[in-house]
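**Q** So that you have it, the file is start-v4.txt, and it contains compact mmCIF, N, CA and C atoms and all ligand atoms:
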# COMPACT_ATOMS: atom_id res chain seq x y z
N MET A 38 0.85 -1.20 0.00
CA MET A 38 0.00 0.00 0.00
C MET A 38 0.88 1.25 0.00
N THR A 39 0.60 2.11 -0.92
CA THR A 39 1.34 3.37 -0.97
C THR A 39 0.41 4.52 -0.60
N ASN A 40 1.00 5.67 -0.38
CA ASN A 40 0.23 6.89 -0.13
C ASN A 40 0.58 7.92 -1.20
N LYS A 41 -0.39 8.79 -1.48
CA LYS A 41 -0.16 9.84 -2.47
C LYS A 41 1.11 10.61 -2.13
N LEU A 42 1.95 10.79 -3.12
CA LEU A 42 3.19 11.57 -3.04
C LEU A 42 4.32 10.88 -2.26
N ASP A 43 4.13 9.61 -1.89
CA ASP A 43 5.26 8.85 -1.36
C ASP A 43 6.35 8.81 -2.42
N ILE A 44 7.59 8.79 -1.98
CA ILE A 44 8.72 8.71 -2.90
C ILE A 44 9.48 7.42 -2.63
N PHE A 45 9.80 6.71 -3.70
CA PHE A 45 10.51 5.45 -3.60
C PHE A 45 11.76 5.50 -4.48
N LYS A 46 12.79 4.74 -4.05
CA LYS A 46 14.03 4.68 -4.82
C LYS A 46 14.42 3.22 -5.06
N CYS A 47 14.97 2.97 -6.23
CA CYS A 47 15.57 1.67 -6.53
C CYS A 47 17.06 1.78 -6.23
N ASP A 48 17.54 0.99 -5.27
CA ASP A 48 18.95 1.07 -4.90
C ASP A 48 19.86 0.37 -5.89
N VAL A 49 19.27 -0.29 -6.90
CA VAL A 49 20.09 -0.94 -7.93
C VAL A 49 20.39 0.04 -9.06
N CYS A 50 19.34 0.62 -9.65
CA CYS A 50 19.55 1.46 -10.83
C CYS A 50 19.42 2.95 -10.55
N GLY A 51 18.89 3.32 -9.38
CA GLY A 51 18.78 4.74 -9.04
C GLY A 51 17.47 5.38 -9.42
N ASN A 52 16.54 4.64 -10.03
CA ASN A 52 15.22 5.22 -10.31
C ASN A 52 14.62 5.80 -9.04
N ILE A 53 14.06 7.00 -9.14
CA ILE A 53 13.30 7.58 -8.04
C ILE A 53 11.93 7.92 -8.59
N ILE A 54 10.88 7.48 -7.89
CA ILE A 54 9.53 7.70 -8.38
C ILE A 54 8.66 8.29 -7.27
N GLU A 55 7.61 9.00 -7.70
CA GLU A 55 6.66 9.57 -6.75
C GLU A 55 5.28 9.02 -7.08
N VAL A 56 4.52 8.63 -6.07
CA VAL A 56 3.20 8.06 -6.28
C VAL A 56 2.20 9.17 -6.60
N VAL A 57 1.58 9.09 -7.76
CA VAL A 57 0.57 10.07 -8.17
C VAL A 57 -0.79 9.68 -7.58
N ILE A 58 -1.19 8.45 -7.80
CA ILE A 58 -2.41 7.90 -7.23
C ILE A 58 -2.03 6.59 -6.55
N PRO A 59 -2.31 6.42 -5.26
CA PRO A 59 -1.84 5.22 -4.56
C PRO A 59 -2.62 3.97 -4.92
N GLY A 60 -1.94 2.84 -4.72
CA GLY A 60 -2.55 1.54 -4.93
C GLY A 60 -2.06 0.55 -3.88
N TYR A 61 -2.40 -0.72 -4.07
CA TYR A 61 -2.07 -1.73 -3.06
C TYR A 61 -0.82 -2.51 -3.38
N GLY A 62 -0.36 -2.46 -4.62
CA GLY A 62 0.77 -3.30 -5.01
C GLY A 62 2.08 -2.83 -4.44
N GLU A 63 3.03 -3.77 -4.36
CA GLU A 63 4.39 -3.43 -3.95
C GLU A 63 5.13 -2.89 -5.17
N LEU A 64 5.87 -1.82 -5.00
CA LEU A 64 6.62 -1.23 -6.10
C LEU A 64 7.96 -1.95 -6.22
N VAL A 65 8.23 -2.44 -7.42
CA VAL A 65 9.43 -3.25 -7.67
C VAL A 65 10.18 -2.65 -8.85
N CYS A 66 11.51 -2.61 -8.74
CA CYS A 66 12.37 -2.17 -9.84
C CYS A 66 13.61 -3.04 -9.81
N CYS A 67 14.14 -3.40 -10.98
CA CYS A 67 15.31 -4.28 -11.06
C CYS A 67 15.10 -5.55 -10.24
N ASN A 68 13.86 -6.04 -10.23
CA ASN A 68 13.49 -7.28 -9.53
C ASN A 68 13.62 -7.20 -8.02
N LYS A 69 13.68 -5.98 -7.47
CA LYS A 69 13.74 -5.83 -6.01
C LYS A 69 12.72 -4.79 -5.56
N PRO A 70 12.17 -4.96 -4.33
CA PRO A 70 11.25 -3.94 -3.82
C PRO A 70 11.94 -2.59 -3.74
N MET A 71 11.23 -1.54 -4.13
CA MET A 71 11.79 -0.20 -4.04
C MET A 71 11.76 0.26 -2.58
N ARG A 72 12.69 1.13 -2.23
CA ARG A 72 12.82 1.63 -0.86
C ARG A 72 12.04 2.93 -0.70
N HIS A 73 11.15 2.95 0.31
CA HIS A 73 10.38 4.16 0.59
C HIS A 73 11.30 5.19 1.26
N LEU A 74 11.40 6.37 0.68
CA LEU A 74 12.27 7.41 1.25
C LEU A 74 11.46 8.27 2.21
N VAL A 75 11.98 8.45 3.41
CA VAL A 75 11.36 9.31 4.41
C VAL A 75 12.25 10.54 4.60
N ALA A 76 11.67 11.71 4.48
CA ALA A 76 12.46 12.94 4.54
C ALA A 76 13.06 13.14 5.93
N GLN A 77 14.35 13.41 5.96
CA GLN A 77 15.01 13.80 7.21
C GLN A 77 14.74 15.28 7.45
N SER A 78 14.72 15.66 8.73
CA SER A 78 14.35 17.05 9.03
C SER A 78 15.31 17.74 10.00
N VAL A 79 16.34 17.04 10.44
CA VAL A 79 17.29 17.63 11.39
C VAL A 79 18.69 17.56 10.81
N ASP A 80 19.28 18.72 10.55
CA ASP A 80 20.63 18.77 10.01
C ASP A 80 21.66 18.35 11.05
N GLU A 81 22.66 17.61 10.60
CA GLU A 81 23.82 17.30 11.43
C GLU A 81 25.04 17.52 10.56
N GLY A 82 26.13 17.91 11.17
CA GLY A 82 27.36 18.07 10.41
C GLY A 82 27.44 19.41 9.70
N LEU A 83 28.41 19.53 8.83
CA LEU A 83 28.72 20.81 8.20
C LEU A 83 27.72 21.17 7.11
N GLU A 84 27.36 20.21 6.26
CA GLU A 84 26.47 20.53 5.15
C GLU A 84 25.04 20.63 5.63
N LYS A 85 24.33 21.61 5.10
CA LYS A 85 22.96 21.85 5.52
C LYS A 85 22.00 21.45 4.39
N HIS A 86 20.98 20.67 4.75
CA HIS A 86 20.03 20.17 3.77
C HIS A 86 18.59 20.59 4.02
N VAL A 87 18.26 20.93 5.28
CA VAL A 87 16.85 21.22 5.59
C VAL A 87 16.44 22.51 4.88
N PRO A 88 15.35 22.48 4.10
CA PRO A 88 14.89 23.68 3.39
C PRO A 88 14.50 24.79 4.37
N VAL A 89 14.84 26.02 4.00
CA VAL A 89 14.45 27.19 4.79
C VAL A 89 13.69 28.16 3.89
N LEU A 90 12.85 28.98 4.51
CA LEU A 90 12.05 29.98 3.79
C LEU A 90 12.62 31.36 4.10
N GLU A 91 13.02 32.08 3.06
CA GLU A 91 13.61 33.41 3.25
C GLU A 91 13.01 34.36 2.22
N LYS A 92 13.30 35.65 2.39
CA LYS A 92 12.93 36.64 1.37
C LYS A 92 14.18 37.05 0.63
N ASN A 93 14.07 37.17 -0.71
CA ASN A 93 15.23 37.62 -1.47
C ASN A 93 15.29 39.14 -1.50
N GLU A 94 16.21 39.67 -2.29
CA GLU A 94 16.43 41.11 -2.33
C GLU A 94 15.17 41.86 -2.77
N ASP A 95 14.32 41.22 -3.59
CA ASP A 95 13.10 41.86 -4.10
C ASP A 95 11.89 41.66 -3.18
N GLY A 96 12.11 41.05 -2.05
CA GLY A 96 11.02 40.81 -1.12
C GLY A 96 10.20 39.58 -1.44
N GLN A 97 10.62 38.82 -2.48
CA GLN A 97 9.90 37.59 -2.83
C GLN A 97 10.32 36.46 -1.89
N LYS A 98 9.36 35.60 -1.57
CA LYS A 98 9.67 34.45 -0.73
C LYS A 98 10.38 33.38 -1.56
N VAL A 99 11.43 32.84 -0.98
CA VAL A 99 12.27 31.87 -1.68
C VAL A 99 12.55 30.71 -0.73
N ILE A 100 12.45 29.49 -1.26
CA ILE A 100 12.89 28.32 -0.52
C ILE A 100 14.36 28.10 -0.85
N ARG A 101 15.18 27.99 0.19
CA ARG A 101 16.60 27.72 -0.03
C ARG A 101 17.00 26.42 0.66
N VAL A 102 17.98 25.75 0.09
CA VAL A 102 18.55 24.52 0.68
C VAL A 102 19.99 24.80 1.02
N GLY A 103 20.40 24.79 2.27
CA GLY A 103 19.65 24.84 3.49
C GLY A 103 19.97 26.18 4.14
N SER A 104 20.25 26.17 5.45
CA SER A 104 20.52 27.43 6.15
C SER A 104 21.84 28.06 5.66
N GLN A 105 22.77 27.23 5.20
CA GLN A 105 23.92 27.67 4.41
C GLN A 105 23.78 26.97 3.07
N PRO A 106 24.03 27.66 1.94
CA PRO A 106 23.75 27.05 0.64
C PRO A 106 24.45 25.70 0.47
N HIS A 107 23.66 24.71 0.05
CA HIS A 107 24.19 23.37 -0.18
C HIS A 107 25.11 23.39 -1.40
N PRO A 108 26.17 22.57 -1.44
CA PRO A 108 27.02 22.49 -2.64
C PRO A 108 26.20 22.12 -3.88
N MET A 109 26.60 22.66 -5.01
CA MET A 109 25.96 22.32 -6.29
C MET A 109 27.06 21.94 -7.27
N GLU A 110 27.82 20.89 -6.89
CA GLU A 110 28.95 20.43 -7.69
C GLU A 110 28.53 19.28 -8.58
N GLU A 111 29.39 18.93 -9.54
CA GLU A 111 29.05 17.88 -10.51
C GLU A 111 28.64 16.57 -9.85
N ASN A 112 29.33 16.21 -8.76
CA ASN A 112 29.06 14.90 -8.16
C ASN A 112 28.32 15.00 -6.83
N HIS A 113 27.88 16.20 -6.46
CA HIS A 113 27.14 16.38 -5.20
C HIS A 113 26.28 17.62 -5.33
N TYR A 114 24.97 17.38 -5.50
CA TYR A 114 24.08 18.53 -5.70
C TYR A 114 22.64 18.17 -5.38
N ILE A 115 21.82 19.21 -5.26
CA ILE A 115 20.39 19.03 -5.03
C ILE A 115 19.74 18.78 -6.38
N GLN A 116 19.01 17.65 -6.50
CA GLN A 116 18.44 17.28 -7.80
C GLN A 116 17.04 17.84 -8.02
N PHE A 117 16.28 17.99 -6.94
CA PHE A 117 14.99 18.66 -7.10
C PHE A 117 14.52 19.23 -5.77
N ILE A 118 13.66 20.24 -5.87
CA ILE A 118 12.96 20.82 -4.72
C ILE A 118 11.47 20.72 -5.05
N GLU A 119 10.66 20.35 -4.06
CA GLU A 119 9.23 20.18 -4.31
C GLU A 119 8.44 20.82 -3.17
N ILE A 120 7.40 21.56 -3.55
CA ILE A 120 6.50 22.17 -2.58
C ILE A 120 5.17 21.44 -2.64
N VAL A 121 4.65 21.03 -1.50
CA VAL A 121 3.37 20.31 -1.42
C VAL A 121 2.48 21.03 -0.41
N SER A 122 1.28 21.43 -0.85
CA SER A 122 0.36 22.07 0.08
C SER A 122 -0.11 21.07 1.12
N ASN A 123 -0.46 21.57 2.30
CA ASN A 123 -0.87 20.67 3.38
C ASN A 123 -2.09 19.83 3.02
N ASP A 124 -2.95 20.38 2.15
CA ASP A 124 -4.13 19.60 1.75
C ASP A 124 -3.79 18.60 0.64
N ARG A 125 -2.53 18.56 0.24
CA ARG A 125 -2.03 17.61 -0.77
C ARG A 125 -2.72 17.79 -2.13
N LYS A 126 -3.24 18.99 -2.40
CA LYS A 126 -3.89 19.24 -3.69
C LYS A 126 -2.96 19.91 -4.68
N HIS A 127 -1.92 20.56 -4.19
CA HIS A 127 -1.02 21.30 -5.07
C HIS A 127 0.41 20.81 -4.88
N VAL A 128 1.06 20.56 -6.01
CA VAL A 128 2.45 20.11 -5.98
C VAL A 128 3.22 20.90 -7.03
N LYS A 129 4.38 21.38 -6.64
CA LYS A 129 5.22 22.10 -7.59
C LYS A 129 6.65 21.61 -7.42
N ARG A 130 7.27 21.16 -8.51
CA ARG A 130 8.62 20.60 -8.43
C ARG A 130 9.55 21.36 -9.36
N LYS A 131 10.74 21.65 -8.88
CA LYS A 131 11.77 22.28 -9.71
C LYS A 131 12.97 21.35 -9.74
N TYR A 132 13.43 21.03 -10.95
CA TYR A 132 14.64 20.23 -11.11
C TYR A 132 15.84 21.15 -11.20
N LEU A 133 16.93 20.71 -10.59
CA LEU A 133 18.16 21.51 -10.58
C LEU A 133 19.31 20.72 -11.20
N LEU A 134 20.32 21.46 -11.65
CA LEU A 134 21.53 20.88 -12.21
C LEU A 134 22.73 21.42 -11.43
N PRO A 135 23.87 20.74 -11.53
CA PRO A 135 25.07 21.28 -10.89
C PRO A 135 25.28 22.73 -11.33
N HIS A 136 25.69 23.55 -10.39
CA HIS A 136 25.99 24.98 -10.59
C HIS A 136 24.73 25.86 -10.57
N ASP A 137 23.51 25.28 -10.57
CA ASP A 137 22.32 26.08 -10.31
C ASP A 137 22.35 26.52 -8.85
N GLU A 138 21.58 27.55 -8.54
CA GLU A 138 21.42 27.91 -7.14
C GLU A 138 20.42 26.96 -6.50
N PRO A 139 20.71 26.47 -5.28
CA PRO A 139 19.78 25.52 -4.64
C PRO A 139 18.60 26.24 -4.01
N GLN A 140 17.73 26.78 -4.86
CA GLN A 140 16.59 27.53 -4.37
C GLN A 140 15.43 27.48 -5.35
N MET A 141 14.25 27.87 -4.86
CA MET A 141 13.02 27.85 -5.66
C MET A 141 12.11 28.95 -5.16
N LYS A 142 11.60 29.77 -6.08
CA LYS A 142 10.67 30.82 -5.68
C LYS A 142 9.36 30.22 -5.20
N LEU A 143 8.80 30.82 -4.18
CA LEU A 143 7.53 30.33 -3.63
C LEU A 143 6.39 31.09 -4.31
N LYS A 144 6.04 30.66 -5.50
CA LYS A 144 4.92 31.28 -6.21
C LYS A 144 3.94 30.19 -6.57
N CYS A 145 3.07 29.83 -5.65
CA CYS A 145 2.05 28.83 -5.96
C CYS A 145 0.87 29.03 -5.04
N THR A 146 -0.25 28.46 -5.42
CA THR A 146 -1.48 28.67 -4.67
C THR A 146 -1.38 28.12 -3.25
N CYS A 147 -0.45 27.20 -3.03
CA CYS A 147 -0.41 26.55 -1.72
C CYS A 147 -0.02 27.51 -0.61
N LYS A 148 0.55 28.66 -0.95
CA LYS A 148 1.00 29.54 0.12
C LYS A 148 -0.17 30.21 0.84
N ASN A 149 -1.37 30.14 0.24
CA ASN A 149 -2.50 30.84 0.84
C ASN A 149 -3.51 29.91 1.52
N ASN A 150 -3.26 28.64 1.57
CA ASN A 150 -4.31 27.79 2.11
C ASN A 150 -3.84 26.88 3.24
N GLY A 151 -3.13 27.47 4.15
CA GLY A 151 -2.92 26.73 5.38
C GLY A 151 -1.63 25.96 5.49
N GLY A 152 -0.61 26.40 4.82
CA GLY A 152 0.69 25.80 5.04
C GLY A 152 1.11 24.82 3.97
N PHE A 153 2.35 24.45 4.02
CA PHE A 153 2.90 23.59 2.98
C PHE A 153 4.17 22.91 3.50
N GLU A 154 4.54 21.87 2.80
CA GLU A 154 5.77 21.15 3.10
C GLU A 154 6.71 21.31 1.92
N VAL A 155 7.98 21.41 2.21
CA VAL A 155 8.99 21.44 1.15
C VAL A 155 9.90 20.24 1.35
N ILE A 156 10.13 19.50 0.27
CA ILE A 156 11.12 18.42 0.31
C ILE A 156 12.17 18.71 -0.75
N GLU A 157 13.35 18.17 -0.54
CA GLU A 157 14.41 18.29 -1.54
C GLU A 157 15.23 17.03 -1.51
N TYR A 158 15.88 16.74 -2.66
CA TYR A 158 16.66 15.51 -2.75
C TYR A 158 18.11 15.82 -3.13
N CYS A 159 19.02 15.42 -2.24
CA CYS A 159 20.47 15.51 -2.50
C CYS A 159 20.93 14.17 -3.05
N ASN A 160 21.69 14.20 -4.14
CA ASN A 160 22.08 12.93 -4.77
C ASN A 160 22.97 12.08 -3.87
N ILE A 161 23.60 12.68 -2.87
CA ILE A 161 24.44 11.92 -1.94
C ILE A 161 23.71 11.64 -0.62
N HIS A 162 23.05 12.63 -0.08
CA HIS A 162 22.51 12.54 1.28
C HIS A 162 21.01 12.30 1.36
N GLY A 163 20.35 12.17 0.21
CA GLY A 163 18.97 11.73 0.21
C GLY A 163 17.94 12.83 0.41
N LEU A 164 16.78 12.39 0.93
CA LEU A 164 15.58 13.23 0.99
C LEU A 164 15.50 14.00 2.31
N TRP A 165 15.16 15.29 2.21
CA TRP A 165 15.05 16.17 3.38
C TRP A 165 13.77 16.98 3.25
N GLY A 166 13.22 17.40 4.39
CA GLY A 166 11.99 18.17 4.33
C GLY A 166 11.83 19.12 5.49
N ASN A 167 10.89 20.05 5.31
CA ASN A 167 10.55 21.01 6.36
C ASN A 167 9.13 21.47 6.13
N LYS A 168 8.44 21.85 7.19
CA LYS A 168 7.05 22.31 7.08
C LYS A 168 6.96 23.78 7.45
N PHE A 169 6.04 24.47 6.76
CA PHE A 169 5.88 25.91 6.97
C PHE A 169 4.41 26.25 7.16
N GLU A 170 4.18 27.28 7.95
CA GLU A 170 2.82 27.75 8.22
C GLU A 170 2.28 28.50 7.00
N GLY A 171 0.96 28.49 6.85
CA GLY A 171 0.32 29.31 5.83
C GLY A 171 0.23 30.76 6.28
N GLU A 172 -0.30 31.59 5.39
CA GLU A 172 -0.37 33.02 5.71
C GLU A 172 -1.72 33.42 6.29
N ASN A 173 -2.72 32.52 6.20
CA ASN A 173 -4.06 32.88 6.69
C ASN A 173 -4.17 32.68 8.19
FE FE B 1 24.28 16.79 0.34
If you took the structure in this file and wrote it as structure tokens, what would it be?
**A**
Amino acid sequence: MTNKLDIFKCDVCGNIIEVVIPGYGELVCCNKPMRHLVAQSVDEGLEKHVPVLEKNEDGQKVIRVGSQPHPMEENHYIQFIEIVSNDRKHVKRKYLLPHDEPQMKLKCTCKNNGGFEVIEYCNIHGLWGNKFEGEN
């Protein structure tokens, strides 16, 4: 049994998938069950992964990874940032490449309806997340 927006990874080939509509079957890739990824939320060590919400120079709200910018090198970088409204009706994902800035503008309907969660995926350190209050 999966849940909407669960994320799974194949540890053999590296496929990462997100559940759009849940079902009862076990997710299998490369003949092995896929691993359900659970977002970590507490930073340890030097590199910071937990998403933070800040305002940029123009006063726009921006999600950044993390409290100090995460490396965006060829072999270690943030692969995507995703915003999910608390009601799970709105999802917005931004894919990143090495040398991009590890950030995403917060321009989506989810900011007005009671809060949202942000997750991000580091190709080395995995899935991280943080929750934010809505404005209402
Ligand atoms: Fe990392």
**Q** Which is closer to ligand FE 1 (chain B) than all the others in A:Ala76, A:Met109, A:Val57, A:Leu134, using only C-alpha atoms and all ligand atoms?
**A**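 Result for the nearest residue to ligand FE 1 (chain B): A:Met109.
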**Q** For ligand FE 1 (chain B), list the contacting residues at 6 Å or closer, counting only C-alpha atoms and all ligand atoms, as a list in words.
**A** Cys159, Ile161 and His162 of chain A
**Q** Quote the spacing between atom N of Lys98 (chain A) and CA of Glu84 (chain A) in Å to one decimal place.
**A** 23.8 Å
**Q** Would you pick out the contacts of Val79 (chain A) at 10 Å or less, using only C-alpha atoms, so that residues sharing its chain but fewer than 5 positions from it are not included, and give the list as a list in words?
**A**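 Selected residues are Lys85, His86, Val87, Trp165, Gly166 and Asn167 of chain A.
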**Q** Would you please give, as a ChimeraX atom specification, all residues of chain A that DSSP assigns to strand (DSSP E) based on the backbone?
**A** /A:44-46,53-55,65-66,69-70,72-74,88-92,98-102,115-122,128-132,140-142,153-159,163-169
**Q** Taking only C-alpha atoms into account, name the residue in A:Pro70, A:Pro88, A:Pro135, A:Gly103 that is nearest to Glu119 (chain A).
**A**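 Among the listed residues, A:Pro88 lies closest to Glu119 (chain A).
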**Q** For Glu154 (chain A), work out the shell of residues within 8 Å, counting only C-alpha atoms and skipping chain neighbours fewer than 3 positions away, then give it as a CSV table (one decimal) with N, CA and C atoms, in the coordinates of the input.
**A**
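In the end it all went to around-v3.csv:
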chain,number,residue,atom,x,y,z
A,120,ILE,N,7.4,21.6,-3.6
A,120,ILE,CA,6.5,22.2,-2.6
A,120,ILE,C,5.2,21.4,-2.6
A,121,VAL,N,4.6,21.0,-1.5
A,121,VAL,CA,3.4,20.3,-1.4
A,121,VAL,C,2.5,21.0,-0.4
A,122,SER,N,1.3,21.4,-0.8
A,122,SER,CA,0.4,22.1,0.1
A,122,SER,C,-0.1,21.1,1.1
A,123,ASN,N,-0.5,21.6,2.3
A,123,ASN,CA,-0.9,20.7,3.4
A,123,ASN,C,-2.1,19.8,3.0
A,166,GLY,N,13.2,17.4,4.4
A,166,GLY,CA,12.0,18.2,4.3
A,166,GLY,C,11.8,19.1,5.5
A,167,ASN,N,10.9,20.0,5.3
A,167,ASN,CA,10.6,21.0,6.4
A,167,ASN,C,9.1,21.5,6.1
A,168,LYS,N,8.4,21.8,7.2
A,168,LYS,CA,7.0,22.3,7.1
A,168,LYS,C,7.0,23.8,7.4
A,169,PHE,N,6.0,24.5,6.8
A,169,PHE,CA,5.9,25.9,7.0
A,169,PHE,C,4.4,26.2,7.2
**Q** Name all residues at most 6.5 Å from Val75 (chain A) (count all atoms listed in the file; drop same-chain ones fewer than 2 positions away) and give them as a PyMOL selection string.
**A** chain A and resi 73+77+164-165
**Q** Taking (20.5, 6.2, -8.2) in the file's coordinates, which residues come within 12 Å, counting only C-alpha atoms, written as a VMD selection string?
**A** chain A and resid 45 to 54 66 71 to 72 116 158 to 163
**Q** Considering only C-alpha atoms, can you say which of A:Pro139, A:Gly60, A:Gly82, A:Gly151 comes closest to His127 (chain A)?
**A**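 For His127 (chain A), the nearest of the given residues is A:Gly151.
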**Q** Tell me, in Å to one decimal, how far atom N of Leu83 (chain A) is from CA of Ile115 (chain A).
**A** 16.0 Å
**Q** For a quick check of understanding, using only C-alpha atoms, which of A:Asp43, A:Asn93, A:Gln140, A:Gln105 has the smallest distance to Glu157 (chain A)?
**A**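 Closest to Glu157 (chain A), using only C-alpha atoms: A:Gln140.
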**Q** When DSSP is applied to the backbone of this structure, which of chain A are assigned helix (DSSP H, G or I)? Write them out as a list of chain:residue names.
**A**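 Of chain A, only A:Thr146, A:Cys147, A:Lys148, A:Asn149 fall in helix (DSSP H, G or I).
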**Q** Those selected residues, please, written with N, CA and C atoms and delivered as a short mmCIF file (atom, residue, chain, number, x, y, z; two decimals), keeping the file's coordinate frame.
**A**
data_model
loop_
_atom_site.label_atom_id
_atom_site.label_comp_id
_atom_site.auth_asym_id
_atom_site.auth_seq_id
_atom_site.Cartn_x
_atom_site.Cartn_y
_atom_site.Cartn_z
N THR A 146 -0.25 28.46 -5.42
CA THR A 146 -1.48 28.67 -4.67
C THR A 146 -1.38 28.12 -3.25
N CYS A 147 -0.45 27.20 -3.03
CA CYS A 147 -0.41 26.55 -1.72
C CYS A 147 -0.02 27.51 -0.61
N LYS A 148 0.55 28.66 -0.95
CA LYS A 148 1.00 29.54 0.12
C LYS A 148 -0.17 30.21 0.84
N ASN A 149 -1.37 30.14 0.24
CA ASN A 149 -2.50 30.84 0.84
C ASN A 149 -3.51 29.91 1.52
#
**Q** Pick out the closest residue to Val99 (chain A) from this set: A:Arg125, A:Glu138, A:Met38, A:Glu55. Count only C-alpha atoms.
**A**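 Nearest candidate to Val99 (chain A) out of A:Arg125, A:Glu138, A:Met38, A:Glu55: A:Glu138.
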**Q** For atom C of Val155 (chain A) and atom C of Arg101 (chain A), quote the distance in Å rounded to one decimal.
**A**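 About the pair atom C of Val155 (chain A) and atom C of Arg101 (chain A): they are 9.4 Å apart.
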**Q** Should you be able to, write region 149-162 of chain A of this structure into a file that contains N, CA and C atoms, as a PDB file, in the first residue's frame.
**A**
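What follows is the written file part_35.pdb:
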ATOM      1  N   ASN A 149      -1.368  30.138   0.245  1.00  0.00           N
ATOM      2  CA  ASN A 149      -2.505  30.837   0.843  1.00  0.00           C
ATOM      3  C   ASN A 149      -3.509  29.912   1.517  1.00  0.00           C
ATOM      4  N   ASN A 150      -3.261  28.645   1.569  1.00  0.00           N
ATOM      5  CA  ASN A 150      -4.309  27.785   2.108  1.00  0.00           C
ATOM      6  C   ASN A 150      -3.838  26.883   3.237  1.00  0.00           C
ATOM      7  N   GLY A 151      -3.130  27.466   4.150  1.00  0.00           N
ATOM      8  CA  GLY A 151      -2.918  26.729   5.383  1.00  0.00           C
ATOM      9  C   GLY A 151      -1.628  25.962   5.491  1.00  0.00           C
ATOM     10  N   GLY A 152      -0.611  26.402   4.818  1.00  0.00           N
ATOM     11  CA  GLY A 152       0.691  25.803   5.041  1.00  0.00           C
ATOM     12  C   GLY A 152       1.106  24.823   3.971  1.00  0.00           C
ATOM     13  N   PHE A 153       2.352  24.453   4.022  1.00  0.00           N
ATOM     14  CA  PHE A 153       2.905  23.589   2.982  1.00  0.00           C
ATOM     15  C   PHE A 153       4.166  22.906   3.497  1.00  0.00           C
ATOM     16  N   GLU A 154       4.540  21.867   2.802  1.00  0.00           N
ATOM     17  CA  GLU A 154       5.770  21.147   3.101  1.00  0.00           C
ATOM     18  C   GLU A 154       6.714  21.313   1.924  1.00  0.00           C
ATOM     19  N   VAL A 155       7.977  21.405   2.208  1.00  0.00           N
ATOM     20  CA  VAL A 155       8.995  21.436   1.153  1.00  0.00           C
ATOM     21  C   VAL A 155       9.904  20.238   1.351  1.00  0.00           C
ATOM     22  N   ILE A 156      10.135  19.496   0.267  1.00  0.00           N
ATOM     23  CA  ILE A 156      11.119  18.423   0.313  1.00  0.00           C
ATOM     24  C   ILE A 156      12.175  18.713  -0.746  1.00  0.00           C
ATOM     25  N   GLU A 157      13.350  18.169  -0.538  1.00  0.00           N
ATOM     26  CA  GLU A 157      14.405  18.295  -1.539  1.00  0.00           C
ATOM     27  C   GLU A 157      15.235  17.032  -1.510  1.00  0.00           C
ATOM     28  N   TYR A 158      15.878  16.739  -2.657  1.00  0.00           N
ATOM     29  CA  TYR A 158      16.658  15.510  -2.754  1.00  0.00           C
ATOM     30  C   TYR A 158      18.107  15.816  -3.130  1.00  0.00           C
ATOM     31  N   CYS A 159      19.022  15.420  -2.240  1.00  0.00           N
ATOM     32  CA  CYS A 159      20.472  15.512  -2.497  1.00  0.00           C
ATOM     33  C   CYS A 159      20.927  14.168  -3.051  1.00  0.00           C
ATOM     34  N   ASN A 160      21.694  14.200  -4.140  1.00  0.00           N
ATOM     35  CA  ASN A 160      22.077  12.932  -4.774  1.00  0.00           C
ATOM     36  C   ASN A 160      22.972  12.080  -3.871  1.00  0.00           C
ATOM     37  N   ILE A 161      23.601  12.684  -2.870  1.00  0.00           N
ATOM     38  CA  ILE A 161      24.445  11.924  -1.937  1.00  0.00           C
ATOM     39  C   ILE A 161      23.714  11.643  -0.625  1.00  0.00           C
ATOM     40  N   HIS A 162      23.046  12.634  -0.080  1.00  0.00           N
ATOM     41  CA  HIS A 162      22.511  12.537   1.280  1.00  0.00           C
ATOM     42  C   HIS A 162      21.010  12.300   1.364  1.00  0.00           C
TER      43      HIS A 162
END
